[in-house]
>>> print(open('my_file_30.csv').read())   # CSV, C-alpha atoms and all ligand atoms
chain,number,residue,atom,x,y,z
A,1,MET,CA,-287.2,235.3,-142.9
A,2,LEU,CA,-285.1,232.7,-144.9
A,3,LYS,CA,-287.4,230.1,-143.4
A,4,ARG,CA,-289.8,230.9,-146.1
A,5,PHE,CA,-287.4,229.1,-148.5
A,6,LEU,CA,-287.1,226.0,-146.4
A,7,PRO,CA,-289.1,223.0,-147.8
A,8,ASN,CA,-290.9,220.7,-145.4
A,9,GLU,CA,-289.4,217.7,-147.1
A,10,HIS,CA,-286.8,216.9,-149.7
A,11,VAL,CA,-286.8,213.9,-152.1
A,12,LYS,CA,-284.7,212.9,-155.1
A,13,SER,CA,-287.6,212.7,-157.5
A,14,ILE,CA,-291.3,212.6,-157.8
A,15,TYR,CA,-291.2,208.8,-157.8
A,16,GLU,CA,-290.4,208.9,-154.1
A,17,ILE,CA,-293.8,210.6,-153.6
A,18,ASP,CA,-296.1,207.7,-153.1
A,19,PRO,CA,-299.9,207.9,-153.1
A,20,LEU,CA,-300.4,205.6,-150.2
A,21,THR,CA,-298.1,207.5,-147.9
A,22,LEU,CA,-299.8,210.7,-148.9
A,23,LYS,CA,-303.2,209.2,-148.2
A,24,GLU,CA,-302.1,208.1,-144.7
A,25,LYS,CA,-301.2,211.8,-144.0
A,26,GLY,CA,-304.6,212.9,-145.2
A,27,ILE,CA,-303.3,214.4,-148.5
A,28,LYS,CA,-305.8,214.6,-151.3
A,29,GLY,CA,-304.1,216.9,-153.8
A,30,ILE,CA,-300.7,217.7,-155.3
A,31,ILE,CA,-299.8,221.1,-156.9
A,32,THR,CA,-296.7,220.3,-159.0
A,33,ASP,CA,-294.2,222.3,-161.0
A,34,LEU,CA,-293.4,221.2,-164.6
A,35,ASP,CA,-289.9,222.1,-165.8
A,36,ASN,CA,-287.2,220.0,-164.2
A,37,THR,CA,-289.7,218.6,-161.7
A,38,LEU,CA,-291.7,216.3,-164.0
A,39,VAL,CA,-289.5,216.3,-167.1
A,40,PRO,CA,-286.4,218.2,-168.2
A,41,TRP,CA,-287.3,221.8,-169.1
A,42,ASP,CA,-286.6,221.1,-172.8
A,43,VAL,CA,-288.7,217.9,-173.1
A,44,LYS,CA,-292.2,218.6,-174.5
A,45,GLU,CA,-294.2,215.6,-173.5
A,46,ALA,CA,-294.7,213.4,-170.5
A,47,THR,CA,-292.6,210.2,-170.4
A,48,PRO,CA,-294.2,206.8,-169.7
A,49,GLU,CA,-292.9,207.1,-166.1
A,50,VAL,CA,-294.6,210.4,-165.6
A,51,ILE,CA,-297.8,209.1,-167.2
A,52,ASN,CA,-297.7,206.2,-164.8
A,53,TRP,CA,-297.1,208.4,-161.8
A,54,PHE,CA,-300.2,210.5,-162.7
A,55,LYS,CA,-302.2,207.3,-163.1
A,56,GLN,CA,-301.2,206.0,-159.7
A,57,MET,CA,-302.3,209.3,-158.1
A,58,LYS,CA,-305.6,209.2,-160.0
A,59,ASP,CA,-306.2,205.6,-159.0
A,60,ASN,CA,-305.8,206.6,-155.4
A,61,GLY,CA,-308.1,209.5,-155.6
A,62,ILE,CA,-305.3,212.1,-155.4
A,63,LYS,CA,-305.9,215.2,-157.6
A,64,VAL,CA,-302.9,216.7,-159.4
A,65,THR,CA,-302.7,220.3,-160.8
A,66,ILE,CA,-299.7,221.5,-162.7
A,67,ILE,CA,-298.7,225.1,-162.1
A,68,SER,CA,-295.9,226.6,-164.1
A,69,ASN,CA,-294.4,230.0,-164.8
A,70,ASN,CA,-293.8,228.9,-168.4
A,71,LYS,CA,-296.0,229.9,-171.3
A,72,GLU,CA,-299.4,228.7,-172.3
A,73,GLU,CA,-298.2,226.7,-175.3
A,74,ARG,CA,-295.6,224.7,-173.3
A,75,VAL,CA,-297.8,224.0,-170.3
A,76,LYS,CA,-300.9,223.2,-172.3
A,77,MET,CA,-299.1,220.8,-174.7
A,78,PHE,CA,-297.7,218.9,-171.7
A,79,SER,CA,-300.7,218.8,-169.5
A,80,GLU,CA,-303.7,218.2,-171.8
A,81,PRO,CA,-302.6,214.7,-172.9
A,82,LEU,CA,-302.4,213.8,-169.2
A,83,GLY,CA,-305.9,215.1,-168.7
A,84,THR,CA,-304.7,217.1,-165.7
A,85,PRO,CA,-305.7,220.7,-164.8
A,86,PHE,CA,-303.0,223.3,-165.2
A,87,VAL,CA,-302.1,226.9,-164.6
A,88,PHE,CA,-299.6,228.6,-167.0
A,89,SER,CA,-297.8,231.9,-166.5
A,90,ALA,CA,-298.4,231.3,-162.8
A,91,ARG,CA,-295.9,234.0,-161.6
A,92,LYS,CA,-294.6,231.9,-158.7
A,93,PRO,CA,-293.7,232.8,-156.0
A,94,LEU,CA,-296.8,234.9,-155.9
A,95,SER,CA,-299.4,232.8,-154.1
A,96,ARG,CA,-302.3,233.6,-156.5
A,97,ALA,CA,-301.9,230.5,-158.7
A,98,PHE,CA,-301.5,228.2,-155.6
A,99,LYS,CA,-304.8,229.6,-154.3
A,100,THR,CA,-306.5,229.2,-157.6
A,101,ALA,CA,-305.4,225.6,-157.9
A,102,SER,CA,-306.4,224.8,-154.3
A,103,ARG,CA,-309.8,226.3,-154.9
A,104,GLN,CA,-310.3,224.4,-158.2
A,105,MET,CA,-309.4,221.1,-156.5
A,106,GLU,CA,-311.9,221.9,-153.7
A,107,LEU,CA,-309.4,221.0,-151.1
A,108,LYS,CA,-308.2,222.5,-147.8
A,109,LYS,CA,-304.6,223.7,-147.3
A,110,GLU,CA,-303.9,220.8,-145.0
A,111,GLU,CA,-304.9,218.4,-147.8
A,112,ILE,CA,-302.4,219.7,-150.4
A,113,VAL,CA,-298.7,219.2,-151.0
A,114,VAL,CA,-296.6,221.4,-153.3
A,115,VAL,CA,-293.9,219.8,-155.4
A,116,GLY,CA,-291.1,221.6,-157.2
A,117,ASP,CA,-287.4,221.9,-157.9
A,118,GLN,CA,-286.8,225.6,-157.1
A,119,LEU,CA,-286.6,227.3,-153.7
A,120,LEU,CA,-287.3,230.8,-155.1
A,121,THR,CA,-290.5,229.9,-157.0
A,122,ASP,CA,-292.0,226.6,-155.9
A,123,VAL,CA,-291.0,226.4,-152.2
A,124,LEU,CA,-291.3,230.1,-151.5
A,125,GLY,CA,-294.6,230.3,-153.2
A,126,GLY,CA,-296.0,227.1,-151.6
A,127,ASN,CA,-294.8,228.2,-148.1
A,128,SER,CA,-296.3,231.6,-148.6
A,129,ALA,CA,-299.6,230.1,-149.5
A,130,GLY,CA,-299.5,228.1,-146.3
A,131,LEU,CA,-299.0,224.8,-148.0
A,132,TYR,CA,-296.7,221.8,-147.3
A,133,THR,CA,-293.7,221.9,-149.6
A,134,ILE,CA,-291.6,219.1,-151.1
A,135,LEU,CA,-288.4,220.0,-152.9
A,136,VAL,CA,-287.1,217.6,-155.6
A,137,VAL,CA,-283.7,217.5,-157.2
A,138,PRO,CA,-283.8,219.2,-160.6
A,139,ILE,CA,-284.0,216.5,-163.3
A,140,VAL,CA,-281.2,218.1,-165.3
A,141,GLN,CA,-278.5,220.5,-164.2
A,142,THR,CA,-279.2,222.9,-167.1
A,143,ASP,CA,-282.0,225.6,-166.9
A,144,GLU,CA,-283.7,228.1,-169.0
A,145,LYS,CA,-281.9,231.4,-168.9
A,146,ILE,CA,-284.4,233.0,-166.6
A,147,THR,CA,-283.8,230.3,-164.0
A,148,GLN,CA,-280.0,230.5,-164.0
A,149,PHE,CA,-280.0,233.7,-162.0
A,150,ASN,CA,-282.4,232.2,-159.4
A,151,ARG,CA,-280.1,229.2,-159.1
A,152,LYS,CA,-277.2,231.4,-157.9
A,153,ILE,CA,-279.3,232.8,-155.1
A,154,GLU,CA,-280.7,229.4,-154.4
A,155,ARG,CA,-277.2,228.0,-153.8
A,156,LYS,CA,-276.4,230.8,-151.3
A,157,ILE,CA,-279.6,230.0,-149.4
A,158,MET,CA,-278.9,226.3,-149.5
A,159,ASN,CA,-275.4,226.8,-148.1
A,160,TYR,CA,-276.8,228.9,-145.3
A,161,PHE,CA,-279.3,226.2,-144.4
A,162,ARG,CA,-276.5,223.6,-144.5
A,163,LYS,CA,-274.3,225.6,-142.2
A,164,LYS,CA,-277.1,226.1,-139.8
A,165,GLY,CA,-277.8,222.3,-139.9
A,166,MET,CA,-281.4,223.0,-141.1
A,167,ILE,CA,-280.9,220.6,-144.0
A,168,ARG,CA,-279.0,217.5,-144.2
A,169,TRP,CA,-279.2,216.2,-147.8
A,170,GLU,CA,-276.3,216.3,-150.1
A,171,GLU,CA,-276.3,217.3,-153.8
B,201,MG,MG,-289.0,223.9,-162.2
>>> encode(input="my_file_30.csv", output="structure tokens")
Amino acid sequence: MLKRFLPNEHVKSIYEIDPLTLKEKGIKGIITDLDNTLVPWDVKEATPEVINWFKQMKDNGIKVTIISNNKEERVKMFSEPLGTPFVFSARKPLSRAFKTASRQMELKKEEIVVVGDQLLTDVLGGNSAGLYTILVVPIVQTDEKITQFNRKIERKIMNYFRKKGMIRWEE
């Protein structure tokens, strides 16, 4: 049952996710989390690096949708300048927002990867929706209050995976 929390892949940051490698695997779309995945949770706007990452994806024909459990104001203010579709108050790990995003991108499940920094929302939600999941290391070690509780559970699950040899990365 805990397998639902196991990402297909683990990277240090979104910058290890490269459009050409995705294309080779037949990936045409990314559903990404916002807070602590693209920027620290308390940074309001995209950094030049993030803007460039989105541009690289676009130039290679890879669609990106941001889905976030955060409020409309936060998600909209971040996403609109990037010109990228977004879903706010997504209620991850429920799979509804993942399905909405997949449908709006007009892509099949096999053509999408989910990127995020949390096992309990991004990975569980992506896996439950039948999508390929990539876990990134949170950009900063602090979190919004609501996330701090999830992190405690996450650490327990991570330790279990480590003990079982199901993951090999170190943090
Ligand atoms: Mg996050």
>>> residues_near_ligand(input="my_file_30.csv", ligand="ligand MG 201 (chain B)", cutoff="7 Å", atoms="all atoms listed in the file", output="MDAnalysis selection string")
chainID A and resid 33:37 116:118
>>> closest_residue(input="my_file_30.csv", among="A:Ser79, A:Leu2, A:Val140, A:Tyr132", to="A:Glu111", atoms="only C-alpha atoms")
A:Tyr132
>>> residues_around(input="my_file_30.csv", residues="A:Asp59", least_positions_apart="3", cutoff="12 Å", atoms="all atoms listed in the file", output="ChimeraX atom specification")
/A:18-20,23,28,52-56,62-64
>>> residues_around(input="my_file_30.csv", residues="A:Gly126", least_positions_apart="2", cutoff="12 Å", atoms="all atoms listed in the file", output="PyMOL selection string")
chain A and resi 4-8+30-33+67+92-99+101-102+109+112-124+128-135
>>> closest_residue(input="my_file_30.csv", among="A:Pro48, A:Gly125, A:Gly29, A:Pro81", to="A:Gly61", atoms="only C-alpha atoms")
A:Gly29
>>> residues_around(input="my_file_30.csv", residues="A:Lys71", least_positions_apart="3", cutoff="8 Å", atoms="all atoms listed in the file", output="VMD selection string")
chain A and resid 68 74 to 75 88 to 89
>>> closest_residue(input="my_file_30.csv", among="A:Ile17, A:Leu22, A:Val39, A:Leu82", to="A:Ile139", atoms="all atoms listed in the file")
A:Val39
>>> closest_residue(input="my_file_30.csv", among="A:Ser13, A:Pro85, A:Asn69, A:Lys3", to="A:Thr147", atoms="all atoms listed in the file")
A:Asn69
>>> atom_distance(input="my_file_30.csv", atom1="atom CA of A:Arg162", atom2="atom CA of A:His10")
13.3 Å
